[in-house]
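S.K.: So I've got this file, final-v6.txt, and it contains compact mmCIF, C-alpha atoms:
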# COMPACT_ATOMS: atom_id res chain seq x y z
CA MET X 1 -36.74 -45.64 8.52
CA ALA X 2 -36.06 -42.38 6.62
CA GLY X 3 -36.42 -40.48 9.90
CA ARG X 4 -33.96 -42.79 11.61
CA THR X 5 -31.41 -42.37 8.80
CA ARG X 6 -31.77 -38.59 9.00
CA LEU X 7 -31.30 -38.73 12.75
CA ALA X 8 -28.20 -40.90 12.38
CA LEU X 9 -26.79 -38.55 9.74
CA MET X 10 -27.44 -35.53 11.95
CA ALA X 11 -25.74 -37.24 14.88
CA LEU X 12 -22.78 -38.11 12.66
CA ALA X 13 -22.60 -34.52 11.40
CA ALA X 14 -22.65 -33.25 14.98
CA VAL X 15 -19.84 -35.60 15.97
CA VAL X 16 -17.76 -34.54 12.96
CA ALA X 17 -18.40 -30.85 13.71
CA LEU X 18 -17.38 -31.33 17.34
CA GLY X 19 -14.26 -33.17 16.28
CA VAL X 20 -13.27 -30.50 13.76
CA SER X 21 -13.87 -27.65 16.20
CA GLY X 22 -11.90 -29.58 18.81
CA VAL X 23 -8.94 -29.94 16.46
CA ILE X 24 -9.11 -26.26 15.48
CA GLY X 25 -9.40 -25.25 19.12
CA TYR X 26 -6.46 -27.44 20.08
CA GLN X 27 -4.34 -26.03 17.28
CA LEU X 28 -5.22 -22.48 18.29
CA THR X 29 -4.36 -23.03 21.94
CA HIS X 30 -1.60 -25.65 21.79
CA GLY X 31 -0.43 -26.48 18.32
CA GLY X 32 0.21 -23.08 16.77
CA ALA X 33 3.09 -21.93 18.93
CA PRO X 34 6.21 -22.58 16.88
CA SER X 35 8.82 -19.82 16.63
CA ALA X 36 7.32 -18.44 13.41
CA PRO X 37 3.52 -18.33 13.64
CA ARG X 38 1.75 -19.07 10.39
CA TYR X 39 -0.26 -15.87 10.29
CA ALA X 40 2.42 -13.52 11.56
CA VAL X 41 2.15 -9.81 10.90
CA GLY X 42 5.39 -7.95 10.26
CA GLY X 43 8.64 -8.56 8.48
CA PRO X 44 12.05 -7.17 7.68
CA ILE X 45 12.16 -3.45 6.98
CA ASP X 46 14.51 -2.21 4.26
CA LEU X 47 13.41 1.21 3.04
CA THR X 48 14.65 4.77 2.53
CA ALA X 49 14.23 7.14 5.47
CA GLU X 50 13.25 10.78 5.13
CA ASP X 51 16.93 11.78 5.44
CA GLY X 52 17.73 9.70 2.34
CA ARG X 53 19.55 6.93 4.24
CA ARG X 54 18.59 3.27 4.23
CA PHE X 55 16.49 2.25 7.19
CA THR X 56 16.40 -1.36 8.35
CA ASN X 57 15.40 -3.23 11.49
CA ALA X 58 18.88 -2.52 12.85
CA ASP X 59 17.89 1.17 13.09
CA LEU X 60 15.14 0.22 15.53
CA GLY X 61 17.83 -0.76 18.02
CA GLY X 62 15.70 -3.58 19.41
CA LYS X 63 13.04 -1.11 20.52
CA PRO X 64 9.33 -1.78 20.13
CA PHE X 65 7.67 0.35 17.48
CA ALA X 66 4.40 1.65 16.11
CA VAL X 67 4.02 1.58 12.33
CA PHE X 68 1.37 3.24 10.20
CA PHE X 69 0.93 3.09 6.42
CA GLY X 70 -0.38 6.20 4.67
CA PHE X 71 0.49 8.93 2.19
CA THR X 72 0.91 12.69 2.23
CA ARG X 73 -1.92 13.47 -0.23
CA CYS X 74 -4.37 12.14 2.33
CA PRO X 75 -6.62 14.86 3.74
CA ASN X 76 -8.21 13.12 6.69
CA VAL X 77 -6.94 9.86 8.14
CA CYS X 78 -3.17 10.41 7.84
CA PRO X 79 -2.94 13.89 9.39
CA THR X 80 -5.41 12.76 12.07
CA THR X 81 -3.35 9.69 12.95
CA LEU X 82 -0.02 11.56 12.86
CA SER X 83 -1.48 14.32 14.98
CA ASP X 84 -2.94 11.76 17.43
CA LEU X 85 0.43 9.98 17.68
CA THR X 86 2.15 13.32 18.29
CA LEU X 87 -0.19 14.04 21.22
CA ASP X 88 0.23 10.45 22.48
CA LEU X 89 4.04 10.67 22.50
CA GLU X 90 3.79 13.93 24.41
CA GLN X 91 1.53 12.22 26.95
CA LEU X 92 3.96 9.32 27.32
CA GLY X 93 6.75 11.64 28.43
CA PRO X 94 10.18 9.99 28.80
CA LEU X 95 8.63 6.56 28.09
CA ALA X 96 8.19 7.67 24.47
CA ASP X 97 11.95 7.36 23.98
CA LYS X 98 11.66 3.62 24.57
CA LEU X 99 9.78 3.14 21.32
CA LYS X 100 9.96 4.19 17.69
CA VAL X 101 7.20 5.41 15.41
CA LEU X 102 7.30 4.78 11.66
CA PHE X 103 5.17 6.25 8.90
CA VAL X 104 5.47 4.21 5.69
CA SER X 105 4.24 5.78 2.45
CA VAL X 106 1.99 3.65 0.28
CA ASP X 107 2.41 6.27 -2.46
CA PRO X 108 6.19 6.06 -3.03
CA GLU X 109 5.92 7.49 -6.53
CA ARG X 110 4.85 10.87 -5.12
CA ASP X 111 6.17 10.66 -1.55
CA THR X 112 9.90 11.09 -1.94
CA PRO X 113 12.06 11.14 1.21
CA GLU X 114 12.17 14.96 0.94
CA THR X 115 8.37 15.17 0.68
CA LEU X 116 8.08 13.02 3.79
CA LYS X 117 10.67 15.08 5.65
CA ASP X 118 8.79 18.33 4.97
CA TYR X 119 5.41 16.84 5.73
CA LEU X 120 6.47 15.17 8.97
CA SER X 121 8.14 18.32 10.28
CA ALA X 122 4.64 19.32 11.43
CA PHE X 123 4.53 16.34 13.80
CA ASP X 124 6.62 14.80 16.58
CA PRO X 125 10.25 14.60 15.41
CA ARG X 126 10.40 11.02 16.69
CA ILE X 127 8.09 9.91 13.86
CA THR X 128 10.30 8.58 11.04
CA GLY X 129 9.00 8.72 7.47
CA LEU X 130 9.89 5.83 5.17
CA SER X 131 9.59 5.50 1.41
CA GLY X 132 11.17 3.23 -1.17
CA THR X 133 10.62 1.70 -4.56
CA PRO X 134 7.08 0.50 -5.30
CA ALA X 135 8.39 -3.08 -4.99
CA GLU X 136 9.95 -2.42 -1.58
CA ILE X 137 6.74 -0.86 -0.30
CA ALA X 138 4.66 -3.72 -1.72
CA SER X 139 6.88 -6.25 0.00
CA LEU X 140 6.60 -4.60 3.44
CA ALA X 141 2.86 -4.03 3.03
CA LYS X 142 2.45 -7.71 2.23
CA ALA X 143 4.37 -8.69 5.36
CA TYR X 144 2.09 -6.45 7.44
CA ARG X 145 -1.02 -7.59 5.59
CA VAL X 146 -1.62 -3.98 4.70
CA PHE X 147 -4.03 -3.29 1.86
CA TYR X 148 -3.54 -0.30 -0.45
CA GLU X 149 -4.67 0.62 -3.94
CA LYS X 150 -4.83 3.61 -6.23
CA VAL X 151 -8.24 5.13 -6.83
CA PRO X 152 -8.47 7.18 -10.03
CA THR X 153 -10.00 10.66 -9.73
CA GLU X 154 -10.63 13.46 -12.23
CA GLY X 155 -8.03 14.39 -14.81
CA GLY X 156 -5.82 11.32 -14.52
CA ASP X 157 -5.10 12.00 -10.85
CA TYR X 158 -5.50 9.43 -8.11
CA THR X 159 -5.98 9.03 -4.39
CA MET X 160 -5.35 5.95 -2.26
CA ASN X 161 -7.35 3.47 -0.25
CA HIS X 162 -5.23 1.97 2.51
CA THR X 163 -5.29 0.12 5.80
CA ALA X 164 -5.61 2.74 8.53
CA THR X 165 -4.58 0.57 11.47
CA VAL X 166 -1.51 1.44 13.54
CA TYR X 167 0.48 -1.75 14.20
CA LEU X 168 2.23 -1.99 17.55
CA MET X 169 5.24 -4.29 17.26
CA ASP X 170 7.37 -5.54 20.14
CA GLY X 171 11.17 -5.41 20.37
CA LYS X 172 11.42 -8.71 18.49
CA GLY X 173 9.29 -7.39 15.65
CA ALA X 174 6.21 -9.45 16.54
CA LEU X 175 2.72 -7.97 16.59
CA ALA X 176 1.82 -6.90 20.13
CA SER X 177 -1.36 -4.90 19.51
CA THR X 178 -3.04 -2.46 17.14
CA ILE X 179 -4.64 0.97 17.37
CA SER X 180 -7.63 1.71 15.18
CA LEU X 181 -8.88 5.08 14.10
CA GLU X 182 -11.81 5.39 16.45
CA GLU X 183 -9.91 4.63 19.66
CA ASP X 184 -9.71 7.56 22.07
CA GLN X 185 -6.56 9.07 23.48
CA PRO X 186 -6.56 7.30 26.89
CA THR X 187 -6.82 3.92 25.12
CA ARG X 188 -4.10 4.79 22.63
CA VAL X 189 -1.74 6.07 25.32
CA ALA X 190 -2.38 2.99 27.49
CA LYS X 191 -1.49 0.71 24.57
CA LEU X 192 1.67 2.64 23.72
CA LYS X 193 2.67 2.74 27.39
CA GLN X 194 2.30 -1.02 27.64
CA LEU X 195 4.33 -1.45 24.44
CA ALA X 196 7.12 0.81 25.72
CA GLU X 197 7.22 -0.90 29.12
CA ASN X 198 7.09 -4.47 27.81
CA GLY X 199 9.80 -3.82 25.26
CA MET E 200 -6.06 63.23 48.25
CA PHE E 201 -5.15 60.21 50.34
CA SER E 202 -8.65 59.88 51.61
CA ARG E 203 -9.96 59.89 48.08
CA LEU E 204 -7.55 57.14 47.08
CA ASN E 205 -8.48 55.28 50.20
CA SER E 206 -12.15 55.48 49.50
CA ALA E 207 -11.52 54.16 46.00
CA ARG E 208 -9.59 51.26 47.52
CA VAL E 209 -12.43 50.56 49.92
CA ALA E 210 -14.87 50.64 47.05
CA LEU E 211 -12.72 48.16 45.11
CA ARG E 212 -12.39 45.91 48.13
CA HIS E 213 -16.11 46.07 48.51
CA LEU E 214 -16.54 44.95 44.92
CA PHE E 215 -14.14 42.01 45.23
CA ALA E 216 -14.67 41.31 48.91
CA SER E 217 -13.85 37.61 49.19
CA PRO E 218 -11.46 35.27 47.35
CA GLU E 219 -14.52 33.31 46.25
CA GLU E 220 -15.94 36.36 44.57
CA ARG E 221 -12.61 37.03 42.93
CA ILE E 222 -12.53 33.47 41.59
CA GLY E 223 -16.11 33.91 40.45
CA ILE E 224 -15.20 37.02 38.56
CA ALA E 225 -12.19 35.31 36.99
CA VAL E 226 -14.38 32.40 35.87
CA LEU E 227 -16.97 34.75 34.45
CA ALA E 228 -14.32 36.72 32.61
CA THR E 229 -12.87 33.50 31.18
CA ALA E 230 -16.33 32.30 30.16
CA LEU E 231 -17.00 35.62 28.43
CA LEU E 232 -13.71 35.23 26.58
CA PHE E 233 -14.81 31.86 25.22
CA VAL E 234 -18.21 33.20 24.23
CA GLY E 235 -16.33 35.79 22.22
CA VAL E 236 -14.06 33.18 20.61
CA ASN E 237 -16.97 30.92 19.71
CA ALA E 238 -18.94 33.75 18.23
CA ALA E 239 -15.96 34.57 16.05
CA ALA E 240 -15.24 30.94 15.12
CA ALA E 241 -18.72 29.62 14.36
CA HIS E 242 -20.17 31.27 11.30
CA GLN E 243 -22.85 30.53 8.78
CA TYR E 244 -24.21 31.52 5.40
CA LYS E 245 -27.53 31.16 3.64
CA ILE E 246 -28.50 30.99 -0.01
CA GLY E 247 -32.04 30.13 -1.05
CA ALA E 248 -33.23 27.31 1.19
CA ILE E 249 -29.70 26.16 2.02
CA GLU E 250 -28.01 27.11 5.24
CA ILE E 251 -24.25 26.56 5.36
CA GLY E 252 -22.99 25.97 8.89
CA HIS E 253 -19.41 26.79 9.89
CA PRO E 254 -17.23 26.00 6.89
CA TRP E 255 -13.82 24.97 8.22
CA SER E 256 -10.62 23.27 7.28
CA ARG E 257 -7.44 22.05 8.90
CA ALA E 258 -3.96 23.48 8.81
CA THR E 259 -1.72 21.55 6.42
CA PRO E 260 1.75 20.09 7.08
CA PRO E 261 4.56 21.66 5.00
CA GLY E 262 4.48 20.66 1.35
CA ALA E 263 0.99 19.16 1.57
CA LYS E 264 -0.79 19.13 -1.76
CA VAL E 265 -4.27 18.39 -0.41
CA ALA E 266 -6.61 19.57 2.33
CA GLY E 267 -10.17 18.91 3.41
CA GLY E 268 -13.13 21.27 3.51
CA TYR E 269 -15.86 20.69 6.06
CA LEU E 270 -19.28 22.19 6.81
CA THR E 271 -22.91 21.39 7.52
CA LEU E 272 -25.60 21.89 4.89
CA THR E 273 -29.20 22.27 6.00
CA ASN E 274 -32.07 22.41 3.56
CA ASP E 275 -35.12 24.31 4.86
CA GLY E 276 -36.95 23.90 1.58
CA ASP E 277 -39.60 21.49 0.38
CA THR E 278 -37.45 20.23 -2.48
CA ALA E 279 -34.14 18.41 -2.40
CA ASP E 280 -31.02 20.18 -3.62
CA LYS E 281 -27.48 19.12 -4.43
CA LEU E 282 -24.05 20.48 -3.71
CA VAL E 283 -22.59 20.15 -7.20
CA SER E 284 -19.22 21.85 -6.90
CA ALA E 285 -16.94 23.93 -4.74
CA THR E 286 -13.88 26.11 -5.13
CA ALA E 287 -11.17 27.35 -2.81
CA GLU E 288 -8.80 30.15 -3.77
CA ILE E 289 -5.81 28.28 -2.38
CA ALA E 290 -6.61 25.07 -4.25
CA GLY E 291 -6.31 24.35 -7.96
CA ARG E 292 -9.55 22.41 -7.74
CA ALA E 293 -12.01 20.89 -5.33
CA GLU E 294 -13.94 17.64 -5.49
CA ILE E 295 -16.60 16.12 -3.28
CA HIS E 296 -15.34 12.90 -1.71
CA GLN E 297 -16.56 10.33 0.74
CA MET E 298 -14.26 8.60 3.18
CA SER E 299 -15.26 5.43 4.94
CA VAL E 300 -13.47 2.84 7.03
CA GLU E 301 -14.29 -0.78 6.24
CA ASP E 302 -12.51 -3.56 8.14
CA GLY E 303 -9.69 -1.20 9.05
CA VAL E 304 -9.23 0.00 5.48
CA MET E 305 -9.74 3.68 4.74
CA LYS E 306 -11.60 4.04 1.46
CA MET E 307 -11.98 7.17 -0.56
CA ARG E 308 -14.41 7.70 -3.39
CA GLN E 309 -15.45 10.68 -5.42
CA VAL E 310 -19.13 11.55 -5.07
CA GLU E 311 -20.45 11.57 -8.64
CA GLY E 312 -23.20 13.93 -9.72
CA GLY E 313 -23.26 16.03 -6.56
CA LEU E 314 -24.06 15.53 -2.91
CA ASP E 315 -27.77 15.21 -2.11
CA ILE E 316 -29.27 17.51 0.51
CA PRO E 317 -32.78 16.17 1.18
CA ALA E 318 -35.73 18.50 1.70
CA HIS E 319 -35.89 19.48 5.37
CA GLY E 320 -32.74 17.49 5.94
CA SER E 321 -29.10 18.14 6.51
CA VAL E 322 -25.77 16.61 5.59
CA THR E 323 -22.46 17.06 7.40
CA LEU E 324 -19.10 17.18 5.70
CA ASP E 325 -16.34 16.34 8.20
CA PRO E 326 -13.03 14.45 8.38
CA ASN E 327 -14.86 11.16 8.93
CA GLY E 328 -17.21 10.98 5.97
CA PHE E 329 -18.24 13.32 3.18
CA HIS E 330 -15.79 16.16 2.67
CA LEU E 331 -14.50 18.58 0.10
CA MET E 332 -11.20 17.37 -1.26
CA LEU E 333 -9.05 20.41 -2.02
CA LEU E 334 -6.33 19.51 -4.51
CA ASP E 335 -3.23 21.13 -5.97
CA LEU E 336 -2.75 23.49 -3.03
CA LYS E 337 -0.84 26.63 -3.98
CA GLY E 338 0.30 27.18 -0.41
CA PRO E 339 -0.16 26.00 3.17
CA LEU E 340 -3.32 26.44 5.19
CA VAL E 341 -2.40 28.21 8.40
CA GLN E 342 -4.30 27.71 11.62
CA GLY E 343 -6.29 30.77 12.68
CA THR E 344 -6.59 32.17 9.15
CA LYS E 345 -9.48 32.03 6.71
CA MET E 346 -9.60 30.43 3.30
CA HIS E 347 -11.94 31.98 0.74
CA GLY E 348 -14.02 29.75 -1.48
CA SER E 349 -17.43 29.10 -2.97
CA LEU E 350 -20.13 26.44 -3.01
CA THR E 351 -22.48 25.81 -5.91
CA PHE E 352 -25.85 24.16 -5.46
CA GLU E 353 -27.99 22.78 -8.24
CA LYS E 354 -31.02 24.88 -7.29
CA ALA E 355 -29.89 27.46 -4.75
CA GLY E 356 -27.00 28.75 -6.84
CA THR E 357 -23.52 29.83 -5.80
CA VAL E 358 -22.47 31.34 -2.49
CA GLU E 359 -19.08 32.64 -1.41
CA VAL E 360 -17.85 31.38 1.93
CA ASP E 361 -14.82 31.62 4.18
CA PHE E 362 -13.44 28.42 5.67
CA ALA E 363 -11.99 28.88 9.17
CA VAL E 364 -8.65 27.05 9.38
CA ASP E 365 -8.36 24.94 12.54
CA ALA E 366 -5.45 22.81 13.87
CA ILE E 367 -3.89 19.99 11.79
CA GLY E 368 -5.58 17.17 13.70
CA ALA E 369 -8.79 19.02 14.58
CA ASN E 370 -11.68 16.59 14.58
CA PRO E 371 -15.26 17.15 15.66
CA LYS E 372 -15.46 13.74 17.36
CA PRO E 373 -17.62 14.89 20.27
CA MET E 374 -20.50 16.14 18.14
CA LYS E 375 -22.95 17.99 20.35
CA HIS E 376 -25.57 19.39 18.06
CA ASP E 377 -27.17 16.28 16.59
CA GLY E 378 -26.75 13.83 19.46
CA GLY E 379 -26.42 11.01 16.96
CA ASP E 380 -23.52 8.93 15.77
CA ALA E 381 -20.33 10.73 16.73
CA MET E 382 -18.80 9.99 13.37
CA PRO E 383 -21.28 9.93 10.52
CA GLY E 384 -20.18 8.01 7.49
CA MET E 385 -17.80 5.91 9.51
CA LYS E 386 -18.40 2.29 10.27
CA MET E 387 -17.99 1.75 13.98
CA ASP E 388 -16.82 -1.68 15.06
CA HIS E 389 -16.61 -2.00 18.80
Take the structure in this file and express it as structure tokens.
M.R.:
Amino acid sequence: MAGRTRLALMALAAVVALGVSGVIGYQLTHGGAPSAPRYAVGGPIDLTAEDGRRFTNADLGGKPFAVFFGFTRCPNVCPTTLSDLTLDLEQLGPLADKLKVLFVSVDPERDTPETLKDYLSAFDPRITGLSGTPAEIASLAKAYRVFYEKVPTEGGDYTMNHTATVYLMDGKGALASTISLEEDQPTRVAKLKQLAENG
Amino acid sequence: MFSRLNSARVALRHLFASPEERIGIAVLATALLFVGVNAAAAHQYKIGAIEIGHPWSRATPPGAKVAGGYLTLTNDGDTADKLVSATAEIAGRAEIHQMSVEDGVMKMRQVEGGLDIPAHGSVTLDPNGFHLMLLDLKGPLVQGTKMHGSLTFEKAGTVEVDFAVDAIGANPKPMKHDGGDAMPGMKMDH
């Protein structure tokens, strides 16, 4: 009797599980395709560019773009990524002009537009540095689901933890792909080429 | 006079008789050039049981306030040691940090109490894991130059070293000497 009940309960649980997974699966494949997806990455940009002017989505001119969040007091990941992107743009040749590359500071208190301008002069001139008020940065980071936080170090100083993914956004501002730190140059270039070609 | 010149020409022709040989010589000369460059670039130091392999850094973008210091520490001794501090002339101060990437987030933490170097073991400081964090830079690090500094170990003492300054994005991703994980200290999600 107890065994039968257990069996019935297990069967019921299996049916419920199947039903739930079916609903989730249906939603993933069919249901979740309205104009604004629920878990969208990206959002309106309204920051200060390295030349001191405001930079908004209008400045992208409808072009697809790559965006990376970092800071200039970053010894490893940021110079590596900026240097990688510089080599990638070179590899892309004329196709590189069909996309934009943005570097958004997650340390706006120390990364002024002038700081960014100086720093980025070592990399491809097509990489645009963006800073803003802490609130403006927080708002864009939230839209991109970018994580960043201050990490205290000796003597009241701090460094930053931050998302190191490069987001590849299409001409409509929707997430097309990403580039992570460990991807090699052929992969990165292939992704950027696809982004530039697809628009 | 002419005949002498001629014989010299013949001798030269004899030396570089075929295009293949000429190519061979060019390749050899190029190879020798690289041997020279490598010998100049790779350098090491030793203090007590600790061997310090090729301290290096990366050129900094204009206005940069920080840089990294990288090297390999090998302990030939029977007792563990610790890298407790470091200095660099160009930097106001240096700390030992560890970088890691977890779920796409780059995390930085200061290594407290020194970096362990196990007995008969080694530890690599590179842009993907442990590294020296050079802060309050007084000037830029220029590729091809050397940066003077020092390393202090708990047991072995202090040794002065020169860090060779490489390119801005230089990264030892294809690590040849240990044959292990290409990027120690980094979580690889493939």
S.K.: The residues within 10 Å of (10.7, 15.5, 4.0), using all atoms listed in the file and the coordinates of the file, should be reported as a PDB file with C-alpha atoms, in the coordinates of the input; which are they?
M.R.:
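The resulting file, selection-v5.pdb, is reproduced below:
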ATOM      1  CA  ALA X  49      14.230   7.140   5.470  1.00  0.00           C
ATOM      2  CA  GLU X  50      13.250  10.780   5.130  1.00  0.00           C
ATOM      3  CA  ASP X  51      16.930  11.780   5.440  1.00  0.00           C
ATOM      4  CA  GLY X  52      17.730   9.700   2.340  1.00  0.00           C
ATOM      5  CA  ASP X 111       6.170  10.660  -1.550  1.00  0.00           C
ATOM      6  CA  THR X 112       9.900  11.090  -1.940  1.00  0.00           C
ATOM      7  CA  PRO X 113      12.060  11.140   1.210  1.00  0.00           C
ATOM      8  CA  GLU X 114      12.170  14.960   0.940  1.00  0.00           C
ATOM      9  CA  THR X 115       8.370  15.170   0.680  1.00  0.00           C
ATOM     10  CA  LEU X 116       8.080  13.020   3.790  1.00  0.00           C
ATOM     11  CA  LYS X 117      10.670  15.080   5.650  1.00  0.00           C
ATOM     12  CA  ASP X 118       8.790  18.330   4.970  1.00  0.00           C
ATOM     13  CA  TYR X 119       5.410  16.840   5.730  1.00  0.00           C
ATOM     14  CA  LEU X 120       6.470  15.170   8.970  1.00  0.00           C
ATOM     15  CA  SER X 121       8.140  18.320  10.280  1.00  0.00           C
ATOM     16  CA  THR X 128      10.300   8.580  11.040  1.00  0.00           C
ATOM     17  CA  GLY X 129       9.000   8.720   7.470  1.00  0.00           C
ATOM     18  CA  LEU X 130       9.890   5.830   5.170  1.00  0.00           C
TER      19      LEU X 130
ATOM     20  CA  PRO E 261       4.560  21.660   5.000  1.00  0.00           C
ATOM     21  CA  GLY E 262       4.480  20.660   1.350  1.00  0.00           C
TER      22      GLY E 262
END
S.K.: Quick one: everything within 12 Å of Ile295 (chain E), counting all atoms listed in the file, minus sequence neighbours fewer than 3 positions away in the same chain. Send it as a ChimeraX atom specification.
M.R.: /X:153-154 /E:266-269,281-286,292,298,307-315,324-325,328-334,350-351
S.K.: Point out the residue among X:Ala122, X:Val151, X:Leu89, X:Leu99 with the least atom-to-atom distance to Gly62 (chain X), counting all atoms listed in the file.
M.R.: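 Among X:Ala122, X:Val151, X:Leu89, X:Leu99, it is X:Leu99 that comes nearest to Gly62 (chain X).
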S.K.: Have a look at CA of Gly343 (chain E) and CA of Gln91 (chain X) and let me know their distance in Å, one decimal.
M.R.: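 Separation between CA of Gly343 (chain E) and CA of Gln91 (chain X): 24.7 Å.
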S.K.: Could you tell me which of X:Ser131, X:Thr178, X:Thr72, X:Asn198 comes closest to chain E if we count all atoms listed in the file?
M.R.: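 Closest candidate: X:Thr72.
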S.K.: Give me the chain X side of the contact with chain E, cut-off 6 Å, one line per residue showing its nearest atom pair and distance in Å at one decimal, counting all atoms listed in the file, sorted by chain and residue number, as JSON lines.
M.R.:
{"residue": "X:Arg73", "atom": "CA", "partner": "E:Val265", "partner_atom": "CA", "distance": 5.5}
{"residue": "X:Pro75", "atom": "CA", "partner": "E:Ala266", "partner_atom": "CA", "distance": 4.9}
{"residue": "X:Asn76", "atom": "CA", "partner": "E:Pro326", "partner_atom": "CA", "distance": 5.3}
{"residue": "X:Thr80", "atom": "CA", "partner": "E:Gly368", "partner_atom": "CA", "distance": 4.7}
{"residue": "X:Ser83", "atom": "CA", "partner": "E:Gly368", "partner_atom": "CA", "distance": 5.2}
{"residue": "X:Asp118", "atom": "CA", "partner": "E:Pro261", "partner_atom": "CA", "distance": 5.4}
{"residue": "X:Tyr119", "atom": "CA", "partner": "E:Pro261", "partner_atom": "CA", "distance": 4.9}
{"residue": "X:Ala122", "atom": "CA", "partner": "E:Pro260", "partner_atom": "CA", "distance": 5.3}
{"residue": "X:Asn161", "atom": "CA", "partner": "E:Lys306", "partner_atom": "CA", "distance": 4.6}
{"residue": "X:His162", "atom": "CA", "partner": "E:Met305", "partner_atom": "CA", "distance": 5.3}
{"residue": "X:Thr163", "atom": "CA", "partner": "E:Val304", "partner_atom": "CA", "distance": 4.0}
{"residue": "X:Ala164", "atom": "CA", "partner": "E:Val304", "partner_atom": "CA", "distance": 5.5}
{"residue": "X:Thr165", "atom": "CA", "partner": "E:Gly303", "partner_atom": "CA", "distance": 5.9}
S.K.: Write the selection just made, keeping C-alpha atoms, as a PDB file, in the frame of the given file?
M.R.:
ATOM      1  CA  ARG X  73      -1.920  13.470  -0.230  1.00  0.00           C
ATOM      2  CA  PRO X  75      -6.620  14.860   3.740  1.00  0.00           C
ATOM      3  CA  ASN X  76      -8.210  13.120   6.690  1.00  0.00           C
ATOM      4  CA  THR X  80      -5.410  12.760  12.070  1.00  0.00           C
ATOM      5  CA  SER X  83      -1.480  14.320  14.980  1.00  0.00           C
ATOM      6  CA  ASP X 118       8.790  18.330   4.970  1.00  0.00           C
ATOM      7  CA  TYR X 119       5.410  16.840   5.730  1.00  0.00           C
ATOM      8  CA  ALA X 122       4.640  19.320  11.430  1.00  0.00           C
ATOM      9  CA  ASN X 161      -7.350   3.470  -0.250  1.00  0.00           C
ATOM     10  CA  HIS X 162      -5.230   1.970   2.510  1.00  0.00           C
ATOM     11  CA  THR X 163      -5.290   0.120   5.800  1.00  0.00           C
ATOM     12  CA  ALA X 164      -5.610   2.740   8.530  1.00  0.00           C
ATOM     13  CA  THR X 165      -4.580   0.570  11.470  1.00  0.00           C
TER      14      THR X 165
END
S.K.: I'd like the interatomic distance between CA of Asn274 (chain E) and CA of Ala318 (chain E), to a tenth of an Å.
M.R.: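 CA of Ala318 (chain E) lies at a distance of 5.7 Å from CA of Asn274 (chain E).
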S.K.: To one decimal in Å, tell me the separation between CA of Leu95 (chain X) and CA of Val146 (chain X).
M.R.: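 These atoms are spaced 27.6 Å apart.
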S.K.: Would you mind telling me which residue in E:Ala241, E:Leu272, E:Ile246, E:Leu336 lies nearest to Ile316 (chain E) when using only C-alpha atoms?
M.R.: E:Leu272
S.K.: My list of candidates is X:Val106, X:Met160, X:Val41, X:Val166. Which is closest to Pro134 (chain X) when distances are computed with only C-alpha atoms?
M.R.: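 Using only C-alpha atoms, Pro134 (chain X) sits closest to X:Val106.
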S.K.: Of the candidates E:Phe362, E:Ala248, E:Pro317, E:Met346, which one gets nearest to Ile289 (chain E) if we count all atoms listed in the file?
M.R.: E:Met346
